[in-house]
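Shown next: my_file-v3.tsv, given as TSV, N, CA and C atoms.
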```tsv
chain	number	residue	atom	x	y	z
H	662	MET	N	0.83	-1.18	0.00
H	662	MET	CA	0.00	0.00	0.00
H	662	MET	C	0.88	1.24	0.00
H	663	ILE	N	0.31	2.30	-0.49
H	663	ILE	CA	1.00	3.59	-0.50
H	663	ILE	C	0.22	4.54	0.40
H	664	TYR	N	0.96	5.28	1.20
H	664	TYR	CA	0.37	6.22	2.15
H	664	TYR	C	1.05	7.57	2.04
H	665	ALA	N	0.31	8.61	2.37
H	665	ALA	CA	0.90	9.92	2.60
H	665	ALA	C	1.03	10.08	4.11
H	666	LEU	N	2.22	10.47	4.56
H	666	LEU	CA	2.47	10.65	5.99
H	666	LEU	C	2.86	12.09	6.26
H	667	GLY	N	2.52	12.56	7.43
H	667	GLY	CA	3.01	13.83	7.94
H	667	GLY	C	4.08	13.53	8.97
H	668	ILE	N	5.16	14.28	8.97
H	668	ILE	CA	6.26	14.08	9.90
H	668	ILE	C	6.65	15.44	10.45
H	669	GLY	N	6.90	15.51	11.75
H	669	GLY	CA	7.26	16.79	12.34
H	669	GLY	C	7.93	16.65	13.69
H	670	SER	N	8.54	17.74	14.13
H	670	SER	CA	9.19	17.80	15.43
H	670	SER	C	9.30	19.26	15.86
H	671	ASN	N	9.14	19.50	17.16
H	671	ASN	CA	9.39	20.85	17.65
H	671	ASN	C	10.21	20.86	18.94
H	672	SER	N	10.87	19.73	19.23
H	672	SER	CA	11.79	19.72	20.37
H	672	SER	C	12.89	18.69	20.12
H	673	ASN	N	14.02	18.91	20.73
H	673	ASN	CA	15.16	18.02	20.57
H	673	ASN	C	14.87	16.65	21.16
H	674	SER	N	15.59	15.66	20.67
H	674	SER	CA	15.47	14.29	21.18
H	674	SER	C	16.86	13.78	21.53
H	675	ARG	N	16.93	12.54	21.93
H	675	ARG	CA	18.25	11.95	22.23
H	675	ARG	C	19.09	11.80	20.97
H	676	PHE	N	18.50	12.04	19.80
H	676	PHE	CA	19.22	11.96	18.53
H	676	PHE	C	19.72	13.34	18.09
H	677	GLY	N	19.44	14.35	18.89
H	677	GLY	CA	19.93	15.68	18.59
H	677	GLY	C	18.82	16.67	18.34
H	678	ASN	N	19.09	17.64	17.48
H	678	ASN	CA	18.10	18.68	17.19
H	678	ASN	C	16.96	18.13	16.34
H	679	LYS	N	16.00	18.99	16.03
H	679	LYS	CA	14.81	18.56	15.28
H	679	LYS	C	15.17	17.92	13.95
H	680	LEU	N	16.13	18.52	13.23
H	680	LEU	CA	16.53	17.99	11.93
H	680	LEU	C	17.14	16.60	12.07
H	681	ASN	N	18.03	16.42	13.03
H	681	ASN	CA	18.65	15.11	13.24
H	681	ASN	C	17.61	14.07	13.64
H	682	THR	N	16.62	14.49	14.42
H	682	THR	CA	15.55	13.57	14.80
H	682	THR	C	14.77	13.11	13.58
H	683	LEU	N	14.44	14.05	12.69
H	683	LEU	CA	13.69	13.68	11.49
H	683	LEU	C	14.52	12.78	10.57
H	684	LYS	N	15.83	13.02	10.50
H	684	LYS	CA	16.71	12.14	9.71
H	684	LYS	C	16.69	10.73	10.29
H	685	PHE	N	16.74	10.63	11.63
H	685	PHE	CA	16.67	9.33	12.28
H	685	PHE	C	15.35	8.63	11.95
H	686	VAL	N	14.26	9.38	11.98
H	686	VAL	CA	12.94	8.81	11.69
H	686	VAL	C	12.90	8.24	10.27
H	687	LEU	N	13.47	8.95	9.31
H	687	LEU	CA	13.50	8.44	7.93
H	687	LEU	C	14.25	7.11	7.85
H	688	LYS	N	15.35	6.99	8.58
H	688	LYS	CA	16.10	5.73	8.60
H	688	LYS	C	15.29	4.62	9.26
H	689	GLU	N	14.56	4.97	10.33
H	689	GLU	CA	13.73	3.98	11.03
H	689	GLU	C	12.58	3.49	10.15
H	690	LEU	N	12.01	4.38	9.38
H	690	LEU	CA	10.95	3.96	8.47
H	690	LEU	C	11.50	2.90	7.52
H	691	GLU	N	12.64	3.18	6.90
H	691	GLU	CA	13.26	2.24	5.95
H	691	GLU	C	13.60	0.92	6.66
H	692	ARG	N	14.11	1.03	7.89
H	692	ARG	CA	14.48	-0.17	8.66
H	692	ARG	C	13.27	-1.06	8.96
H	693	ASN	N	12.08	-0.45	8.99
H	693	ASN	CA	10.84	-1.17	9.25
H	693	ASN	C	10.08	-1.50	7.96
H	694	ASN	N	10.82	-1.54	6.84
H	694	ASN	CA	10.25	-1.89	5.53
H	694	ASN	C	9.16	-0.93	5.08
H	695	ILE	N	9.35	0.33	5.41
H	695	ILE	CA	8.47	1.39	4.93
H	695	ILE	C	9.33	2.26	4.02
H	696	LYS	N	9.15	2.07	2.72
H	696	LYS	CA	10.01	2.72	1.72
H	696	LYS	C	9.51	4.12	1.43
H	697	VAL	N	10.38	5.10	1.58
H	697	VAL	CA	10.03	6.48	1.26
H	697	VAL	C	10.17	6.67	-0.25
H	698	ILE	N	9.05	6.99	-0.91
H	698	ILE	CA	9.02	7.18	-2.36
H	698	ILE	C	9.28	8.64	-2.71
H	699	LYS	N	8.64	9.55	-1.97
H	699	LYS	CA	8.79	10.98	-2.21
H	699	LYS	C	8.86	11.71	-0.88
H	700	LYS	N	9.64	12.79	-0.85
H	700	LYS	CA	9.74	13.66	0.33
H	700	LYS	C	9.49	15.09	-0.11
H	701	SER	N	8.75	15.81	0.71
H	701	SER	CA	8.60	17.24	0.44
H	701	SER	C	9.83	17.96	0.99
H	702	LYS	N	9.91	19.23	0.70
H	702	LYS	CA	10.91	20.06	1.34
H	702	LYS	C	10.48	20.25	2.79
H	703	LEU	N	11.46	20.48	3.66
H	703	LEU	CA	11.14	20.79	5.05
H	703	LEU	C	10.58	22.19	5.13
H	704	TYR	N	9.64	22.40	6.01
H	704	TYR	CA	9.11	23.73	6.24
H	704	TYR	C	8.88	23.94	7.73
H	705	SER	N	8.92	25.19	8.14
H	705	SER	CA	8.70	25.55	9.54
H	705	SER	C	7.29	26.07	9.71
H	706	SER	N	6.72	25.79	10.87
H	706	SER	CA	5.41	26.34	11.20
H	706	SER	C	5.34	26.62	12.70
H	707	PRO	N	4.69	27.70	13.07
H	707	PRO	CA	4.58	28.01	14.49
H	707	PRO	C	3.58	27.07	15.15
H	708	PRO	N	3.78	26.81	16.44
H	708	PRO	CA	2.80	25.98	17.14
H	708	PRO	C	1.45	26.72	17.23
H	709	LYS	N	0.37	26.00	17.08
H	709	LYS	CA	-0.97	26.59	17.12
H	709	LYS	C	-1.67	26.20	18.43
H	710	ASN	N	-2.31	27.16	19.04
H	710	ASN	CA	-3.13	26.95	20.23
H	710	ASN	C	-2.37	26.38	21.43
H	711	PHE	N	-1.08	26.66	21.52
H	711	PHE	CA	-0.31	26.21	22.68
H	711	PHE	C	-0.50	27.25	23.78
H	712	LYS	N	-0.72	26.76	25.02
H	712	LYS	CA	-0.91	27.69	26.13
H	712	LYS	C	0.41	28.27	26.61
H	713	THR	N	1.49	27.55	26.39
H	713	THR	CA	2.81	28.04	26.78
H	713	THR	C	3.67	28.15	25.52
H	714	ALA	N	4.71	28.94	25.61
H	714	ALA	CA	5.60	29.11	24.46
H	714	ALA	C	6.21	27.76	24.07
H	715	ALA	N	6.33	27.55	22.80
H	715	ALA	CA	6.91	26.30	22.29
H	715	ALA	C	7.76	26.62	21.06
H	716	GLU	N	8.69	25.73	20.79
H	716	GLU	CA	9.56	25.88	19.61
H	716	GLU	C	8.74	25.76	18.32
H	717	THR	N	9.28	26.31	17.27
H	717	THR	CA	8.69	26.18	15.94
H	717	THR	C	8.77	24.73	15.48
H	718	PHE	N	7.76	24.27	14.77
H	718	PHE	CA	7.76	22.92	14.23
H	718	PHE	C	8.56	22.87	12.93
H	719	LEU	N	9.27	21.77	12.74
H	719	LEU	CA	9.92	21.45	11.47
H	719	LEU	C	9.10	20.30	10.90
H	720	ASN	N	8.52	20.47	9.71
H	720	ASN	CA	7.57	19.52	9.14
H	720	ASN	C	7.93	19.10	7.73
H	721	ALA	N	7.36	17.98	7.32
H	721	ALA	CA	7.47	17.51	5.94
H	721	ALA	C	6.32	16.56	5.66
H	722	ALA	N	6.07	16.32	4.39
H	722	ALA	CA	5.12	15.30	3.96
H	722	ALA	C	5.91	14.22	3.22
H	723	LEU	N	5.48	12.99	3.39
H	723	LEU	CA	6.14	11.86	2.74
H	723	LEU	C	5.10	11.03	2.00
H	724	VAL	N	5.53	10.41	0.93
H	724	VAL	CA	4.76	9.34	0.31
H	724	VAL	C	5.59	8.08	0.51
H	725	VAL	N	4.97	7.06	1.13
H	725	VAL	CA	5.69	5.83	1.45
H	725	VAL	C	4.97	4.62	0.89
H	726	GLU	N	5.73	3.55	0.73
H	726	GLU	CA	5.16	2.28	0.27
H	726	GLU	C	5.52	1.21	1.28
H	727	THR	N	4.55	0.38	1.63
H	727	THR	CA	4.76	-0.71	2.58
H	727	THR	C	3.71	-1.78	2.36
H	728	LYS	N	3.99	-2.97	2.84
H	728	LYS	CA	3.00	-4.05	2.78
H	728	LYS	C	2.07	-3.99	3.99
H	729	LEU	N	2.34	-3.08	4.92
H	729	LEU	CA	1.57	-3.00	6.15
H	729	LEU	C	0.17	-2.44	5.92
H	730	LYS	N	-0.79	-2.99	6.63
H	730	LYS	CA	-2.15	-2.46	6.66
H	730	LYS	C	-2.13	-1.21	7.55
H	731	PRO	N	-3.12	-0.32	7.43
H	731	PRO	CA	-3.10	0.93	8.20
H	731	PRO	C	-2.88	0.75	9.71
H	732	LYS	N	-3.56	-0.20	10.32
H	732	LYS	CA	-3.42	-0.39	11.77
H	732	LYS	C	-1.99	-0.78	12.14
H	733	ASN	N	-1.40	-1.67	11.37
H	733	ASN	CA	-0.02	-2.09	11.65
H	733	ASN	C	0.99	-0.98	11.37
H	734	LEU	N	0.71	-0.18	10.34
H	734	LEU	CA	1.57	0.97	10.06
H	734	LEU	C	1.52	1.94	11.24
H	735	LEU	N	0.34	2.20	11.75
H	735	LEU	CA	0.19	3.11	12.88
H	735	LEU	C	0.96	2.60	14.10
H	736	ILE	N	0.93	1.31	14.34
H	736	ILE	CA	1.69	0.73	15.46
H	736	ILE	C	3.18	1.01	15.30
H	737	ILE	N	3.70	0.84	14.09
H	737	ILE	CA	5.13	1.11	13.83
H	737	ILE	C	5.43	2.60	14.02
H	738	LEU	N	4.56	3.47	13.51
H	738	LEU	CA	4.78	4.91	13.65
H	738	LEU	C	4.82	5.32	15.12
H	739	LYS	N	3.92	4.78	15.93
H	739	LYS	CA	3.90	5.10	17.37
H	739	LYS	C	5.15	4.56	18.06
H	740	LYS	N	5.64	3.41	17.61
H	740	LYS	CA	6.87	2.85	18.17
H	740	LYS	C	8.05	3.78	17.87
H	741	ILE	N	8.12	4.29	16.65
H	741	ILE	CA	9.19	5.22	16.27
H	741	ILE	C	9.09	6.50	17.10
H	742	GLU	N	7.88	7.00	17.30
H	742	GLU	CA	7.70	8.19	18.15
H	742	GLU	C	8.25	7.94	19.55
H	743	ARG	N	7.96	6.77	20.12
H	743	ARG	CA	8.45	6.45	21.47
H	743	ARG	C	9.97	6.36	21.50
H	744	ILE	N	10.58	5.80	20.46
H	744	ILE	CA	12.04	5.69	20.40
H	744	ILE	C	12.67	7.08	20.47
H	745	THR	N	12.03	8.07	19.84
H	745	THR	CA	12.58	9.43	19.86
H	745	THR	C	12.31	10.15	21.18
H	746	GLY	N	11.50	9.55	22.03
H	746	GLY	CA	11.24	10.16	23.34
H	746	GLY	C	9.85	10.73	23.51
H	747	ARG	N	8.96	10.47	22.59
H	747	ARG	CA	7.59	10.96	22.74
H	747	ARG	C	6.75	9.90	23.44
H	748	TYR	N	6.30	10.24	24.63
H	748	TYR	CA	5.48	9.31	25.41
H	748	TYR	C	4.10	9.88	25.68
H	749	ALA	N	4.00	11.18	25.81
H	749	ALA	CA	2.72	11.82	26.10
H	749	ALA	C	2.02	12.18	24.80
H	750	TYR	N	0.73	11.93	24.75
H	750	TYR	CA	-0.06	12.26	23.57
H	750	TYR	C	-1.16	13.22	23.98
H	751	ARG	N	-0.73	14.40	24.45
H	751	ARG	CA	-1.68	15.43	24.83
H	751	ARG	C	-1.74	16.48	23.72
H	752	LYS	N	-2.92	17.00	23.55
H	752	LYS	CA	-3.14	18.02	22.52
H	752	LYS	C	-2.34	19.29	22.86
H	753	ASN	N	-1.78	19.91	21.82
H	753	ASN	CA	-1.08	21.19	21.93
H	753	ASN	C	0.11	21.14	22.89
H	754	THR	N	0.89	20.10	22.78
H	754	THR	CA	2.12	20.00	23.57
H	754	THR	C	3.30	19.77	22.63
H	755	SER	N	4.49	20.12	23.11
H	755	SER	CA	5.70	19.90	22.31
H	755	SER	C	5.92	18.41	22.11
H	756	ARG	N	6.59	18.09	21.02
H	756	ARG	CA	6.85	16.68	20.74
H	756	ARG	C	8.18	16.52	20.02
H	757	THR	N	8.90	15.48	20.40
H	757	THR	CA	10.16	15.17	19.73
H	757	THR	C	9.90	14.68	18.32
H	758	CYS	N	8.76	14.01	18.15
H	758	CYS	CA	8.42	13.44	16.84
H	758	CYS	C	6.91	13.29	16.75
H	759	ASP	N	6.37	13.66	15.61
H	759	ASP	CA	4.95	13.49	15.35
H	759	ASP	C	4.82	12.86	13.98
H	760	LEU	N	4.29	11.65	13.93
H	760	LEU	CA	4.09	10.91	12.68
H	760	LEU	C	2.61	10.64	12.51
H	761	ASP	N	2.05	11.05	11.40
H	761	ASP	CA	0.62	10.87	11.15
H	761	ASP	C	0.39	10.25	9.78
H	762	ILE	N	-0.56	9.34	9.72
H	762	ILE	CA	-1.03	8.83	8.43
H	762	ILE	C	-2.04	9.86	7.93
H	763	LEU	N	-1.72	10.51	6.84
H	763	LEU	CA	-2.63	11.53	6.31
H	763	LEU	C	-3.72	10.88	5.46
H	764	LEU	N	-3.33	9.95	4.59
H	764	LEU	CA	-4.31	9.22	3.80
H	764	LEU	C	-3.63	8.15	2.96
H	765	PRO	N	-4.40	7.11	2.63
H	765	PRO	CA	-3.85	6.11	1.71
H	765	PRO	C	-3.87	6.67	0.29
H	766	VAL	N	-2.91	6.25	-0.52
H	766	VAL	CA	-2.79	6.72	-1.90
H	766	VAL	C	-2.63	5.50	-2.78
H	767	SER	N	-3.41	5.40	-3.86
H	767	SER	CA	-3.24	4.27	-4.76
H	767	SER	C	-2.24	4.65	-5.85
H	768	TYR	N	-1.73	3.64	-6.55
H	768	TYR	CA	-0.80	3.91	-7.64
H	768	TYR	C	-1.42	4.83	-8.69
H	769	THR	N	-2.72	4.74	-8.88
H	769	THR	CA	-3.37	5.58	-9.89
H	769	THR	C	-3.38	7.04	-9.48
H	770	HIS	N	-3.17	7.32	-8.18
H	770	HIS	CA	-3.16	8.70	-7.71
H	770	HIS	C	-1.78	9.35	-7.81
H	771	LEU	N	-0.76	8.53	-8.03
H	771	LEU	CA	0.60	9.07	-8.10
H	771	LEU	C	0.84	9.68	-9.47
H	772	ARG	N	1.38	10.88	-9.46
H	772	ARG	CA	1.77	11.55	-10.69
H	772	ARG	C	3.23	11.96	-10.50
H	773	ALA	N	4.05	11.61	-11.45
H	773	ALA	CA	5.50	11.77	-11.31
H	773	ALA	C	5.92	13.21	-10.99
H	774	HIS	N	5.23	14.19	-11.53
H	774	HIS	CA	5.64	15.58	-11.35
H	774	HIS	C	5.18	16.18	-10.03
H	775	GLU	N	4.31	15.49	-9.29
H	775	GLU	CA	3.74	16.06	-8.07
H	775	GLU	C	4.64	15.86	-6.85
H	776	THR	N	4.64	16.86	-6.00
H	776	THR	CA	5.32	16.74	-4.72
H	776	THR	C	4.36	16.07	-3.74
H	777	PRO	N	4.85	15.57	-2.62
H	777	PRO	CA	3.95	14.99	-1.63
H	777	PRO	C	2.84	15.95	-1.18
H	778	GLU	N	3.18	17.25	-1.07
H	778	GLU	CA	2.16	18.21	-0.65
H	778	GLU	C	1.03	18.28	-1.67
H	779	HIS	N	1.38	18.26	-2.98
H	779	HIS	CA	0.36	18.30	-4.02
H	779	HIS	C	-0.53	17.06	-3.97
H	780	ILE	N	0.08	15.90	-3.76
H	780	ILE	CA	-0.69	14.65	-3.69
H	780	ILE	C	-1.69	14.71	-2.55
H	781	VAL	N	-1.21	15.13	-1.38
H	781	VAL	CA	-2.09	15.20	-0.21
H	781	VAL	C	-3.23	16.17	-0.46
H	782	CYS	N	-2.93	17.36	-0.94
H	782	CYS	CA	-3.97	18.37	-1.19
H	782	CYS	C	-4.97	17.89	-2.23
H	783	ARG	N	-4.48	17.31	-3.31
H	783	ARG	CA	-5.38	16.84	-4.37
H	783	ARG	C	-6.29	15.73	-3.85
H	784	ARG	N	-5.71	14.78	-3.11
H	784	ARG	CA	-6.51	13.67	-2.59
H	784	ARG	C	-7.55	14.15	-1.58
H	785	LEU	N	-7.21	15.14	-0.76
H	785	LEU	CA	-8.18	15.69	0.18
H	785	LEU	C	-9.31	16.38	-0.56
H	786	ARG	N	-8.98	17.11	-1.64
H	786	ARG	CA	-10.03	17.75	-2.44
H	786	ARG	C	-10.95	16.69	-3.06
H	787	GLU	N	-10.36	15.59	-3.55
H	787	GLU	CA	-11.15	14.52	-4.17
H	787	GLU	C	-12.09	13.88	-3.15
H	788	LYS	N	-11.64	13.74	-1.89
H	788	LYS	CA	-12.47	13.13	-0.86
H	788	LYS	C	-13.67	13.99	-0.53
H	789	LYS	N	-13.56	15.31	-0.67
H	789	LYS	CA	-14.66	16.22	-0.34
H	789	LYS	C	-15.78	16.15	-1.37
H	790	LYS	N	-15.47	15.70	-2.57
H	790	LYS	CA	-16.47	15.66	-3.66
H	790	LYS	C	-17.51	14.60	-3.42
```
Rewrite the structure of this file - the entire thing - as structure tokens.
Amino acid sequence: MIYALGIGSNSNSRFGNKLNTLKFVLKELERNNIKVIKKSKLYSSPPKNFKTAAETFLNAALVVETKLKPKNLLIILKKIERITGRYAYRKNTSRTCDLDILLPVSYTHLRAHETPEHIVCRRLREKKK
């Protein structure tokens, strides 16, 4: 199956700064037989609705391929989050790593010229129809 994933971090982990943490996550995905097909550029975004000051998020979108079903993929993603030091899952809190399944993508939805962001946006628009 092919999935679009969201990946982000706004605090350091035992692997170093936010960028080093995201690099580690990419290696862990591959180590768990989750092949990264496409990566977006990294972008920064301010934390939204946080009651206390928090670091800026470093984010990206990925298109990945794996034989895993959604539930099993989610289990692996949560395991990777824990490895980076994320144990609390409270809304609007800092996190060493945030991995989300944005949506499944079929081969027919992939277009060679599209970035992961375009794929996600297009698929979300299609779902609204």
Hey, can you pull every residue with an atom no more than 9 Å from (4.9, 1.7, 2.3), using only C-alpha atoms, and send it as a list in words?
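Residues with an atom at most 9 Å from (4.9, 1.7, 2.3): Met662, Ile663, Tyr664, Leu690, Asn694, Ile695, Lys696, Val697, Ile698, Val724, Val725, Glu726, Thr727, Lys728, Leu729 and Leu734 of chain H.
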Exercise for the section: Using atom CA of Leu764 of chain H and atom CA of Leu666 of chain H as the two end points, give the distance in Å to one decimal. Expected result: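 Rounded to one decimal, the two atoms are 7.3 Å apart.
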Please check which residues have atoms at most 7 Å from (2.6, 10.3, 11.3) in the file's coordinates, counting all atoms listed in the file, and write them as a VMD selection string.
-> chain H and resid 666 to 669 738 759 to 763
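Here atom CA of Lys699 of chain H and atom C of Val686 of chain H stand 13.4 Å from one another.
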In segment 668-779 of chain H, DSSP strand (DSSP E or B) residues written as a VMD selection string: chain H and resid 668 to 670 674 677 696 to 700 704 to 706 718 to 726 759 to 766
Close residues, Ile744 of chain H itself excluded, 10 Å, only C-alpha atoms, min 4 positions apart in chain, as a list in words:
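Once the adjacent positions are removed, what remains is Ser674, Arg675, Phe676, Val686, Glu689, Leu738, Lys739, Lys740, Tyr748, Thr757 and Cys758 of chain H.
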From atom CA of Lys709 of chain H to atom CA of Thr745 of chain H the spacing works out at 22.0 Å
* Between H:Ala665, H:Leu719, H:Lys752, H:Lys700, which one has atoms that come closest to Leu680 of chain H, using only N, CA and C atoms? ->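 The answer is H:Leu719, which sits nearest to Leu680 of chain H.
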Within 9 Å of Asn720 of chain H, counting only C-alpha atoms, which residues show up once you throw out same-chain ones fewer than 3 positions away? Write them as a tab-separated table (two decimals) with N, CA and C atoms, in the coordinates of the input, please.
```tsv
chain	number	residue	atom	x	y	z
H	667	GLY	N	2.52	12.56	7.43
H	667	GLY	CA	3.01	13.83	7.94
H	667	GLY	C	4.08	13.53	8.97
H	668	ILE	N	5.16	14.28	8.97
H	668	ILE	CA	6.26	14.08	9.90
H	668	ILE	C	6.65	15.44	10.45
H	669	GLY	N	6.90	15.51	11.75
H	669	GLY	CA	7.26	16.79	12.34
H	669	GLY	C	7.93	16.65	13.69
H	670	SER	N	8.54	17.74	14.13
H	670	SER	CA	9.19	17.80	15.43
H	670	SER	C	9.30	19.26	15.86
H	671	ASN	N	9.14	19.50	17.16
H	671	ASN	CA	9.39	20.85	17.65
H	671	ASN	C	10.21	20.86	18.94
H	683	LEU	N	14.44	14.05	12.69
H	683	LEU	CA	13.69	13.68	11.49
H	683	LEU	C	14.52	12.78	10.57
H	702	LYS	N	9.91	19.23	0.70
H	702	LYS	CA	10.91	20.06	1.34
H	702	LYS	C	10.48	20.25	2.79
H	703	LEU	N	11.46	20.48	3.66
H	703	LEU	CA	11.14	20.79	5.05
H	703	LEU	C	10.58	22.19	5.13
H	704	TYR	N	9.64	22.40	6.01
H	704	TYR	CA	9.11	23.73	6.24
H	704	TYR	C	8.88	23.94	7.73
H	705	SER	N	8.92	25.19	8.14
H	705	SER	CA	8.70	25.55	9.54
H	705	SER	C	7.29	26.07	9.71
H	706	SER	N	6.72	25.79	10.87
H	706	SER	CA	5.41	26.34	11.20
H	706	SER	C	5.34	26.62	12.70
```
Serialized segment 715-735 of chain H w/ N, CA, C and O atoms as an mmCIF file, in the first residue's frame:
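Resulting contents of out00.cif:
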```cif
data_model
loop_
_atom_site.group_PDB
_atom_site.id
_atom_site.type_symbol
_atom_site.label_atom_id
_atom_site.label_comp_id
_atom_site.auth_asym_id
_atom_site.auth_seq_id
_atom_site.Cartn_x
_atom_site.Cartn_y
_atom_site.Cartn_z
ATOM 1 N N ALA H 715 6.335 27.549 22.799
ATOM 2 C CA ALA H 715 6.913 26.303 22.286
ATOM 3 C C ALA H 715 7.762 26.622 21.063
ATOM 4 O O ALA H 715 7.568 27.638 20.398
ATOM 5 N N GLU H 716 8.689 25.734 20.787
ATOM 6 C CA GLU H 716 9.561 25.876 19.613
ATOM 7 C C GLU H 716 8.743 25.756 18.323
ATOM 8 O O GLU H 716 7.695 25.111 18.291
ATOM 9 N N THR H 717 9.283 26.310 17.265
ATOM 10 C CA THR H 717 8.694 26.184 15.939
ATOM 11 C C THR H 717 8.775 24.729 15.477
ATOM 12 O O THR H 717 9.746 24.037 15.761
ATOM 13 N N PHE H 718 7.757 24.267 14.769
ATOM 14 C CA PHE H 718 7.760 22.916 14.226
ATOM 15 C C PHE H 718 8.563 22.867 12.931
ATOM 16 O O PHE H 718 8.527 23.800 12.136
ATOM 17 N N LEU H 719 9.268 21.773 12.736
ATOM 18 C CA LEU H 719 9.918 21.449 11.474
ATOM 19 C C LEU H 719 9.097 20.297 10.902
ATOM 20 O O LEU H 719 8.930 19.264 11.566
ATOM 21 N N ASN H 720 8.517 20.471 9.713
ATOM 22 C CA ASN H 720 7.569 19.521 9.144
ATOM 23 C C ASN H 720 7.932 19.099 7.730
ATOM 24 O O ASN H 720 8.660 19.803 7.035
ATOM 25 N N ALA H 721 7.356 17.979 7.321
ATOM 26 C CA ALA H 721 7.471 17.515 5.943
ATOM 27 C C ALA H 721 6.318 16.557 5.658
ATOM 28 O O ALA H 721 5.669 16.050 6.578
ATOM 29 N N ALA H 722 6.072 16.320 4.388
ATOM 30 C CA ALA H 722 5.120 15.304 3.956
ATOM 31 C C ALA H 722 5.908 14.225 3.216
ATOM 32 O O ALA H 722 6.894 14.524 2.548
ATOM 33 N N LEU H 723 5.482 12.994 3.386
ATOM 34 C CA LEU H 723 6.137 11.856 2.739
ATOM 35 C C LEU H 723 5.103 11.029 1.998
ATOM 36 O O LEU H 723 3.949 10.953 2.415
ATOM 37 N N VAL H 724 5.531 10.406 0.931
ATOM 38 C CA VAL H 724 4.757 9.339 0.305
ATOM 39 C C VAL H 724 5.585 8.083 0.511
ATOM 40 O O VAL H 724 6.771 8.052 0.167
ATOM 41 N N VAL H 725 4.973 7.061 1.129
ATOM 42 C CA VAL H 725 5.695 5.834 1.454
ATOM 43 C C VAL H 725 4.967 4.622 0.893
ATOM 44 O O VAL H 725 3.766 4.664 0.641
ATOM 45 N N GLU H 726 5.728 3.549 0.728
ATOM 46 C CA GLU H 726 5.156 2.281 0.275
ATOM 47 C C GLU H 726 5.525 1.207 1.280
ATOM 48 O O GLU H 726 6.670 1.134 1.741
ATOM 49 N N THR H 727 4.551 0.380 1.632
ATOM 50 C CA THR H 727 4.765 -0.706 2.576
ATOM 51 C C THR H 727 3.707 -1.785 2.356
ATOM 52 O O THR H 727 2.659 -1.521 1.767
ATOM 53 N N LYS H 728 3.988 -2.973 2.841
ATOM 54 C CA LYS H 728 2.995 -4.047 2.784
ATOM 55 C C LYS H 728 2.069 -3.994 3.993
ATOM 56 O O LYS H 728 1.110 -4.755 4.069
ATOM 57 N N LEU H 729 2.343 -3.083 4.916
ATOM 58 C CA LEU H 729 1.570 -2.995 6.149
ATOM 59 C C LEU H 729 0.167 -2.442 5.916
ATOM 60 O O LEU H 729 -0.022 -1.522 5.121
ATOM 61 N N LYS H 730 -0.789 -2.992 6.631
ATOM 62 C CA LYS H 730 -2.150 -2.457 6.657
ATOM 63 C C LYS H 730 -2.129 -1.213 7.548
ATOM 64 O O LYS H 730 -1.217 -1.033 8.353
ATOM 65 N N PRO H 731 -3.122 -0.324 7.432
ATOM 66 C CA PRO H 731 -3.104 0.925 8.200
ATOM 67 C C PRO H 731 -2.881 0.746 9.711
ATOM 68 O O PRO H 731 -2.083 1.474 10.303
ATOM 69 N N LYS H 732 -3.565 -0.198 10.318
ATOM 70 C CA LYS H 732 -3.425 -0.393 11.769
ATOM 71 C C LYS H 732 -1.991 -0.776 12.137
ATOM 72 O O LYS H 732 -1.421 -0.256 13.101
ATOM 73 N N ASN H 733 -1.397 -1.674 11.370
ATOM 74 C CA ASN H 733 -0.020 -2.095 11.651
ATOM 75 C C ASN H 733 0.985 -0.985 11.366
ATOM 76 O O ASN H 733 1.979 -0.845 12.071
ATOM 77 N N LEU H 734 0.715 -0.180 10.335
ATOM 78 C CA LEU H 734 1.570 0.974 10.059
ATOM 79 C C LEU H 734 1.523 1.945 11.238
ATOM 80 O O LEU H 734 2.559 2.434 11.692
ATOM 81 N N LEU H 735 0.336 2.200 11.747
ATOM 82 C CA LEU H 735 0.186 3.110 12.883
ATOM 83 C C LEU H 735 0.958 2.595 14.101
ATOM 84 O O LEU H 735 1.604 3.384 14.804
#
```
